[in-house]
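Student: Structure: structure.txt, compact mmCIF, C-alpha atoms.
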# COMPACT_ATOMS: atom_id res chain seq x y z
CA ILE A 777 93.41 123.95 77.79
CA ALA A 778 96.97 123.48 76.64
CA PRO A 779 98.17 125.92 73.97
CA ALA A 780 98.88 124.36 70.58
CA PRO A 781 102.58 123.53 70.20
CA LEU A 782 102.59 124.62 66.52
CA LYS A 783 100.94 127.20 64.36
CA ILE A 784 101.06 126.29 60.66
CA LYS A 785 99.24 127.41 57.53
CA ILE A 786 96.91 125.09 55.67
CA PRO A 787 96.55 125.38 51.91
CA LYS A 788 93.64 127.38 50.61
CA PRO A 789 91.64 125.71 47.87
CA ALA A 790 92.84 127.05 44.54
CA PRO A 791 90.11 128.59 42.42
CA THR A 792 89.24 126.22 39.60
CA ARG A 793 88.37 127.63 36.24
CA VAL A 794 87.25 125.06 33.73
CA THR A 795 86.85 126.22 30.16
CA SER A 796 84.31 124.66 27.81
CA ILE A 797 82.93 126.04 24.59
CA TYR A 798 79.53 124.90 23.41
CA VAL A 799 78.64 125.32 19.73
CA ARG A 800 74.87 125.41 19.34
CA ARG A 801 72.53 125.53 16.38
CA ILE A 802 70.73 128.89 16.15
CA GLU A 803 67.36 127.31 15.43
CA GLY A 804 66.32 125.34 18.48
CA ASP A 805 69.53 125.95 20.50
CA GLU A 806 70.59 122.35 19.75
CA LEU A 807 74.08 121.39 20.99
CA VAL A 808 76.33 120.56 18.02
CA THR A 809 79.96 120.53 19.26
CA VAL A 810 81.67 120.76 22.63
CA ILE A 811 85.26 122.03 22.86
CA GLU A 812 87.08 121.21 26.09
CA LEU A 813 90.36 122.94 26.96
CA LEU A 814 91.83 120.77 29.70
CA SER A 815 92.79 122.45 32.94
CA PRO A 816 95.02 121.07 35.70
CA ALA A 817 91.83 120.26 37.63
CA ASN A 818 90.56 118.07 34.75
CA LYS A 819 93.81 116.13 34.50
CA ARG A 820 94.96 115.77 38.10
CA LEU A 821 94.03 112.40 39.56
CA GLY A 822 91.12 112.68 41.96
CA LYS A 823 87.51 113.81 42.21
CA ASN A 824 87.65 116.52 39.52
CA ARG A 825 89.25 114.19 36.96
CA HIS A 826 86.61 111.58 37.73
CA LYS A 827 83.84 114.17 37.16
CA TYR A 828 85.49 115.30 33.93
CA MET A 829 85.85 111.69 32.70
CA GLN A 830 82.12 111.12 33.28
CA LYS A 831 81.37 114.27 31.27
CA ARG A 832 83.80 113.17 28.54
CA PHE A 833 82.26 109.70 28.30
CA SER A 834 78.75 111.17 28.09
CA PHE A 835 79.77 113.23 25.05
CA LEU A 836 81.72 110.37 23.47
CA ASP A 837 78.68 108.13 23.97
CA SER A 838 76.44 110.67 22.25
CA TYR A 839 75.26 110.21 18.68
CA ASP A 840 74.53 113.86 18.03
CA VAL A 841 77.32 115.94 19.63
CA HIS A 842 80.86 116.28 18.24
CA PHE A 843 83.59 116.46 20.88
CA VAL A 844 86.92 118.33 20.73
CA GLU A 845 89.50 117.99 23.52
CA ILE A 846 92.64 120.14 23.70
CA ASP A 847 95.40 119.24 26.16
CA LEU A 848 98.13 121.88 26.30
CA LEU A 849 99.40 120.68 29.69
CA ARG A 850 102.49 118.52 30.05
CA ARG A 851 101.75 117.64 33.67
CA ASP A 852 99.52 114.79 34.93
CA PRO A 853 98.40 111.69 33.02
CA ARG A 854 96.85 111.96 29.57
CA MET A 855 93.18 111.22 29.04
CA LEU A 856 92.29 107.66 28.15
CA TYR A 857 92.42 106.30 24.60
CA GLU A 858 92.06 102.67 23.52
CA ASP A 859 95.14 102.87 21.32
CA GLU A 860 98.53 103.91 22.66
CA LEU A 861 99.49 107.52 22.06
CA PRO A 862 102.98 108.49 20.91
CA GLU A 863 105.12 110.33 23.44
CA THR A 864 104.32 113.99 22.88
CA ASP A 865 104.12 117.27 24.77
CA TYR A 866 100.55 118.21 23.87
CA ILE A 867 97.58 116.59 22.20
CA ALA A 868 94.39 117.64 20.47
CA MET A 869 91.52 115.32 19.59
CA VAL A 870 88.43 115.72 17.41
CA SER A 871 85.71 113.10 17.77
CA ARG A 872 83.03 113.27 15.11
CA THR A 873 79.70 111.63 15.85
CA HIS A 874 79.65 109.58 12.64
CA GLN A 875 83.23 108.24 13.07
CA ARG A 876 83.09 107.03 16.68
CA PRO A 877 84.85 105.26 18.27
CA VAL A 878 87.62 106.46 15.91
CA CYS A 879 88.81 110.04 16.41
CA ASP A 880 91.36 112.36 14.81
CA VAL A 881 94.39 113.07 17.02
CA TRP A 882 97.16 115.67 16.71
CA PRO A 883 100.26 114.84 18.80
CA ILE A 884 102.03 118.19 19.19
CA SER A 885 105.68 118.76 20.07
CA ILE A 886 106.64 121.81 22.10
CA ARG A 887 108.86 122.80 19.17
CA GLU A 888 106.18 122.89 16.49
CA PRO A 889 103.43 125.41 15.84
CA LEU A 890 100.02 124.59 17.21
CA PRO A 891 97.75 123.20 14.49
CA ILE A 892 94.61 124.61 12.96
CA LEU A 893 91.90 122.21 14.09
CA PRO A 894 88.70 121.45 12.18
CA ILE A 895 85.67 122.14 14.37
CA PRO A 896 82.85 119.96 13.06
CA LEU A 897 79.36 121.35 12.59
CA GLN A 898 76.15 119.68 11.47
CA GLN A 899 75.90 118.38 7.92
CA PRO A 900 75.89 119.92 5.33
CA ASP A 901 77.89 122.73 7.02
CA LYS A 902 81.65 122.55 6.57
CA ASP A 903 84.13 122.46 9.45
CA VAL A 904 85.19 125.77 10.97
CA PRO A 905 88.97 126.21 11.40
CA LEU A 906 90.25 126.89 14.92
CA ASP A 907 93.79 128.30 14.79
CA LEU A 908 95.12 127.13 18.16
CA GLY A 909 98.31 129.17 17.86
CA LYS A 910 96.43 132.38 17.16
CA ALA A 911 93.90 131.66 19.93
CA LEU A 912 96.71 131.00 22.44
CA CYS A 913 98.56 134.20 21.45
CA THR A 914 95.36 136.22 21.85
CA ALA A 915 94.68 134.74 25.30
CA TYR A 916 98.33 135.32 26.30
CA GLU A 917 98.19 138.99 25.29
CA ARG A 918 94.77 139.72 26.79
CA ALA A 919 95.61 138.06 30.12
CA ARG A 920 99.04 139.79 30.19
CA TYR A 921 100.81 136.51 30.95
CA GLU A 922 104.18 138.11 30.14
CA LEU A 923 103.79 139.92 33.49
CA ARG A 924 102.89 136.74 35.38
CA ILE A 925 105.24 134.07 34.02
CA ASN A 926 108.83 133.93 35.20
CA TYR A 927 110.69 132.48 32.23
CA SER A 928 113.99 132.41 34.13
CA SER A 929 112.74 129.65 36.46
CA PRO A 930 112.79 126.04 35.21
CA ALA A 931 109.69 124.62 33.54
CA LYS A 932 107.49 122.30 35.59
CA PRO A 933 107.62 119.48 34.82
CA PRO A 934 111.17 119.89 33.53
CA LEU A 935 111.68 119.88 29.78
CA LYS A 936 113.83 117.23 28.12
CA LYS A 937 117.42 118.47 27.88
CA GLU A 938 117.29 119.19 24.13
CA ASP A 939 113.92 120.94 24.48
CA ALA A 940 115.23 123.04 27.38
CA GLU A 941 118.17 124.19 25.25
CA TRP A 942 115.82 124.99 22.35
CA ALA A 943 113.53 127.00 24.68
CA LYS A 944 116.45 128.89 26.20
CA ASN A 945 117.69 129.89 22.73
CA LEU A 946 114.18 130.95 21.74
CA ILE A 947 113.83 133.13 24.85
CA ASN A 948 117.25 134.70 24.24
CA LEU A 949 116.29 135.49 20.63
CA SER A 950 113.02 137.04 21.84
CA LEU A 951 114.85 139.16 24.41
CA GLU A 952 117.32 140.35 21.77
CA HIS A 953 114.42 141.21 19.48
CA LEU A 954 112.72 143.22 22.25
CA GLN A 955 115.95 145.08 23.00
CA ASN A 956 116.35 145.93 19.32
CA LEU A 957 112.79 147.25 19.21
CA GLY A 958 113.48 149.38 22.29
CA GLU A 959 116.56 150.90 20.68
CA GLN A 960 114.65 151.94 17.55
Spit out the file's structure as structure tokens when you get a sec.

Tutor:
Amino acid sequence: IAPAPLKIKIPKPAPTRVTSIYVRRIEGDELVTVIELLSPANKRLGKNRHKYMQKRFSFLDSYDVHFVEIDLLRRDPRMLYEDELPETDYIAMVSRTHQRPVCDVWPISIREPLPILPIPLQQPDKDVPLDLGKALCTAYERARYELRINYSSPAKPPLKKEDAEWAKNLINLSLEHLQNLGEQ
């Protein structure tokens, strides 16, 4: 047996963590609203996206489950909509059972605060507010992302030139603020 001319590493499958939140009615455990936070696995073209799209269509085809989809990823193609979306960095969508096929959409620029979304419940209950900005800050702090993210390396995919300059200034201001806190 001839020895192999090369020894190379093959990629290990990356662990996939898909986050869904199910809002259920206390009496009867009836599903009321599904909140999907898109992951790279959901958006990347291929088998996982196809599985996610089937799940998405099943909820959008439902007459009794509200559907909320939050896309805070700039990479990979957006989910499908019949109408054209404006060019935007992020997007959030709320699809209420009684308004389908029309849904509420929040195009979100990287420069603006994340919105407070209405999470629909069953009638006559009023919507519950979901403060995306506060939720993201909480997740960032609890997961200690400041220790994992290298803000000195370029964003992937790259930001538009004016957004990159804005982000750089924001990071510099944050660093100055931290230095001032350290001196006090």

Student: Provide the atom CA of Leu935 of chain A to atom CA of Ile886 of chain A distance in Å, to one decimal place.

Tutor: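 Atom CA of Leu935 of chain A sits 9.4 Å away from atom CA of Ile886 of chain A.
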
Student: Looking at A:Gly804, A:Gln898, A:Ile784, A:Arg887, which one is nearest to Glu941 of chain A, with distances taken over only C-alpha atoms?

Tutor: A:Arg887

Student: What is the atom CA of Glu959 of chain A-atom CA of Ala915 of chain A distance in Å, reported with one decimal?

Tutor: 27.6 Å

Student: In terms of the shortest atom-to-atom distance over all atoms listed in the file, which of A:Ser796, A:Asn824, A:Asn945, A:Ser838 is closest to Thr873 of chain A?

Tutor: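 Smallest separation from Thr873 of chain A among the options: A:Ser838.
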
Student: Taking all atoms listed in the file into account, which of A:Leu807, A:Leu861, A:Ile802, A:Leu814 comes nearest Met829 of chain A?

Tutor: A:Leu814

Student: Counting all atoms listed in the file, figure out which residue out of A:Lys819, A:Lys910, A:Leu951, A:Glu806 gets nearest to Ser928 of chain A.

Tutor: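 Comparing A:Lys819, A:Lys910, A:Leu951, A:Glu806 against Ser928 of chain A, the winner is A:Leu951.
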
Student: Let me have the centre and edge lengths in Å, one decimal, of the box along x, y and z around every listed atom of segment 778-781 of chain A with 6 Å of margin on each side, as lines of an AutoDock Vina configuration file.

Tutor:
center_x = 99.8
center_y = 124.7
center_z = 73.4
size_x = 17.6
size_y = 14.4
size_z = 18.4

Student: Quick check, in Å to one decimal: how far apart do atom CA of Arg851 of chain A and atom CA of Pro933 of chain A lie?

Tutor: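 Separation between atom CA of Arg851 of chain A and atom CA of Pro933 of chain A: 6.3 Å.
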
Student: My list of candidates is A:Lys831, A:Arg825, A:Lys944, A:Arg820. Which is closest to Leu849 of chain A when distances are computed with all atoms listed in the file?

Tutor: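 When distances to Leu849 of chain A are compared using all atoms listed in the file, the smallest one comes from A:Arg820.
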
Student: Which is closer to Lys932 of chain A than all the others in A:Gly909, A:Ile947, A:Asp852, A:Val881, using only C-alpha atoms?

Tutor: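 Of A:Gly909, A:Ile947, A:Asp852, A:Val881, the one nearest Lys932 of chain A is A:Asp852, counting only C-alpha atoms.
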
Student: Write out as number ranges by chain which residues come within 12 Å of Glu858 of chain A when counting only C-alpha atoms, dropping same-chain ones fewer than 5 positions away.

Tutor: A: 877-879

Student: Restricting it to C-alpha atoms, dump the selection as a PDB file, keeping the file's coordinate frame.

Tutor:
ATOM      1  CA  PRO A 877      84.850 105.260  18.270  1.00  0.00           C
ATOM      2  CA  VAL A 878      87.620 106.460  15.910  1.00  0.00           C
ATOM      3  CA  CYS A 879      88.810 110.040  16.410  1.00  0.00           C
TER       4      CYS A 879
END

Student: With 6 Å as the threshold, what does the neighbourhood of (80.3, 119.9, 14.3) contain in terms of residues, counting all atoms listed in the file? Coordinates are those of the file; answer as a ChimeraX atom specification.

Tutor: /A:808-809,842,895-898

Student: Add whatever atoms are absent from segment 874-885 of chain A to reach all heavy atoms, and provide the output as a PDB file, in the coordinates of the input.

Tutor:
ATOM      1  N   HIS A 874      79.797 110.653  13.622  1.00  0.00           N
ATOM      2  CA  HIS A 874      79.650 109.580  12.640  1.00  0.00           C
ATOM      3  C   HIS A 874      80.901 108.709  12.484  1.00  0.00           C
ATOM      4  O   HIS A 874      80.872 107.743  11.748  1.00  0.00           O
ATOM      5  CB  HIS A 874      79.223 110.160  11.281  1.00  0.00           C
ATOM      6  CG  HIS A 874      80.212 111.126  10.715  1.00  0.00           C
ATOM      7  ND1 HIS A 874      80.275 112.439  11.129  1.00  0.00           N
ATOM      8  CD2 HIS A 874      81.177 110.969   9.792  1.00  0.00           C
ATOM      9  CE1 HIS A 874      81.226 113.057  10.462  1.00  0.00           C
ATOM     10  NE2 HIS A 874      81.794 112.185   9.656  1.00  0.00           N
ATOM     11  N   GLN A 875      81.997 109.036  13.172  1.00  0.00           N
ATOM     12  CA  GLN A 875      83.230 108.240  13.070  1.00  0.00           C
ATOM     13  C   GLN A 875      83.549 107.473  14.340  1.00  0.00           C
ATOM     14  O   GLN A 875      84.520 106.734  14.376  1.00  0.00           O
ATOM     15  CB  GLN A 875      84.415 109.153  12.737  1.00  0.00           C
ATOM     16  CG  GLN A 875      84.349 109.765  11.373  1.00  0.00           C
ATOM     17  CD  GLN A 875      85.541 110.679  11.098  1.00  0.00           C
ATOM     18  OE1 GLN A 875      86.240 111.111  12.000  1.00  0.00           O
ATOM     19  NE2 GLN A 875      85.766 110.968   9.828  1.00  0.00           N
ATOM     20  N   ARG A 876      82.774 107.671  15.404  1.00  0.00           N
ATOM     21  CA  ARG A 876      83.090 107.030  16.680  1.00  0.00           C
ATOM     22  C   ARG A 876      83.051 105.527  16.555  1.00  0.00           C
ATOM     23  O   ARG A 876      82.221 105.001  15.831  1.00  0.00           O
ATOM     24  CB  ARG A 876      82.116 107.508  17.757  1.00  0.00           C
ATOM     25  CG  ARG A 876      82.372 108.946  18.111  1.00  0.00           C
ATOM     26  CD  ARG A 876      81.650 109.355  19.365  1.00  0.00           C
ATOM     27  NE  ARG A 876      81.929 110.741  19.622  1.00  0.00           N
ATOM     28  CZ  ARG A 876      81.020 111.708  19.652  1.00  0.00           C
ATOM     29  NH1 ARG A 876      79.756 111.437  19.515  1.00  0.00           N
ATOM     30  NH2 ARG A 876      81.372 112.945  19.867  1.00  0.00           N
ATOM     31  N   PRO A 877      83.940 104.827  17.218  1.00  0.00           N
ATOM     32  CA  PRO A 877      84.850 105.260  18.270  1.00  0.00           C
ATOM     33  C   PRO A 877      86.182 105.822  17.767  1.00  0.00           C
ATOM     34  O   PRO A 877      87.040 106.178  18.555  1.00  0.00           O
ATOM     35  CB  PRO A 877      85.093 103.979  19.069  1.00  0.00           C
ATOM     36  CG  PRO A 877      85.022 102.903  18.046  1.00  0.00           C
ATOM     37  CD  PRO A 877      83.964 103.359  17.062  1.00  0.00           C
ATOM     38  N   VAL A 878      86.365 105.929  16.461  1.00  0.00           N
ATOM     39  CA  VAL A 878      87.620 106.460  15.910  1.00  0.00           C
ATOM     40  C   VAL A 878      87.582 107.979  15.994  1.00  0.00           C
ATOM     41  O   VAL A 878      86.539 108.606  15.780  1.00  0.00           O
ATOM     42  CB  VAL A 878      87.808 106.000  14.450  1.00  0.00           C
ATOM     43  CG1 VAL A 878      89.047 106.626  13.833  1.00  0.00           C
ATOM     44  CG2 VAL A 878      87.870 104.482  14.374  1.00  0.00           C
ATOM     45  N   CYS A 879      88.721 108.581  16.346  1.00  0.00           N
ATOM     46  CA  CYS A 879      88.810 110.040  16.410  1.00  0.00           C
ATOM     47  C   CYS A 879      90.111 110.491  15.749  1.00  0.00           C
ATOM     48  O   CYS A 879      91.030 109.703  15.554  1.00  0.00           O
ATOM     49  CB  CYS A 879      88.750 110.510  17.865  1.00  0.00           C
ATOM     50  SG  CYS A 879      90.077 109.904  18.905  1.00  0.00           S
ATOM     51  N   ASP A 880      90.153 111.757  15.389  1.00  0.00           N
ATOM     52  CA  ASP A 880      91.360 112.360  14.810  1.00  0.00           C
ATOM     53  C   ASP A 880      92.193 112.929  15.950  1.00  0.00           C
ATOM     54  O   ASP A 880      91.652 113.618  16.820  1.00  0.00           O
ATOM     55  CB  ASP A 880      90.995 113.468  13.829  1.00  0.00           C
ATOM     56  CG  ASP A 880      90.199 112.946  12.644  1.00  0.00           C
ATOM     57  OD1 ASP A 880      90.470 111.821  12.199  1.00  0.00           O
ATOM     58  OD2 ASP A 880      89.311 113.679  12.160  1.00  0.00           O
ATOM     59  N   VAL A 881      93.506 112.642  15.930  1.00  0.00           N
ATOM     60  CA  VAL A 881      94.390 113.070  17.020  1.00  0.00           C
ATOM     61  C   VAL A 881      95.604 113.792  16.441  1.00  0.00           C
ATOM     62  O   VAL A 881      96.184 113.344  15.453  1.00  0.00           O
ATOM     63  CB  VAL A 881      94.838 111.866  17.874  1.00  0.00           C
ATOM     64  CG1 VAL A 881      95.860 112.277  18.917  1.00  0.00           C
ATOM     65  CG2 VAL A 881      93.634 111.210  18.539  1.00  0.00           C
ATOM     66  N   TRP A 882      95.974 114.903  17.068  1.00  0.00           N
ATOM     67  CA  TRP A 882      97.160 115.670  16.710  1.00  0.00           C
ATOM     68  C   TRP A 882      98.136 115.612  17.868  1.00  0.00           C
ATOM     69  O   TRP A 882      97.962 116.336  18.861  1.00  0.00           O
ATOM     70  CB  TRP A 882      96.797 117.132  16.440  1.00  0.00           C
ATOM     71  CG  TRP A 882      96.084 117.375  15.162  1.00  0.00           C
ATOM     72  CD1 TRP A 882      96.619 117.855  14.009  1.00  0.00           C
ATOM     73  CD2 TRP A 882      94.693 117.174  14.887  1.00  0.00           C
ATOM     74  NE1 TRP A 882      95.651 117.961  13.037  1.00  0.00           N
ATOM     75  CE2 TRP A 882      94.461 117.538  13.560  1.00  0.00           C
ATOM     76  CE3 TRP A 882      93.614 116.693  15.652  1.00  0.00           C
ATOM     77  CZ2 TRP A 882      93.213 117.454  12.967  1.00  0.00           C
ATOM     78  CZ3 TRP A 882      92.365 116.610  15.056  1.00  0.00           C
ATOM     79  CH2 TRP A 882      92.179 116.977  13.744  1.00  0.00           C
ATOM     80  N   PRO A 883      99.190 114.751  17.797  1.00  0.00           N
ATOM     81  CA  PRO A 883     100.260 114.840  18.800  1.00  0.00           C
ATOM     82  C   PRO A 883     101.087 116.086  18.458  1.00  0.00           C
ATOM     83  O   PRO A 883     101.426 116.308  17.304  1.00  0.00           O
ATOM     84  CB  PRO A 883     101.083 113.571  18.592  1.00  0.00           C
ATOM     85  CG  PRO A 883     100.377 112.779  17.541  1.00  0.00           C
ATOM     86  CD  PRO A 883      99.378 113.668  16.881  1.00  0.00           C
ATOM     87  N   ILE A 884     101.384 116.908  19.457  1.00  0.00           N
ATOM     88  CA  ILE A 884     102.030 118.190  19.190  1.00  0.00           C
ATOM     89  C   ILE A 884     103.296 118.310  20.041  1.00  0.00           C
ATOM     90  O   ILE A 884     103.240 118.227  21.264  1.00  0.00           O
ATOM     91  CB  ILE A 884     101.081 119.362  19.523  1.00  0.00           C
ATOM     92  CG1 ILE A 884      99.728 119.171  18.826  1.00  0.00           C
ATOM     93  CG2 ILE A 884     101.719 120.695  19.137  1.00  0.00           C
ATOM     94  CD1 ILE A 884      98.614 120.023  19.399  1.00  0.00           C
ATOM     95  N   SER A 885     104.409 118.536  19.379  1.00  0.00           N
ATOM     96  CA  SER A 885     105.680 118.760  20.070  1.00  0.00           C
ATOM     97  C   SER A 885     105.749 120.213  20.514  1.00  0.00           C
ATOM     98  O   SER A 885     105.199 121.105  19.863  1.00  0.00           O
ATOM     99  CB  SER A 885     106.846 118.448  19.120  1.00  0.00           C
ATOM    100  OG  SER A 885     108.045 119.012  19.601  1.00  0.00           O
TER     101      SER A 885
END
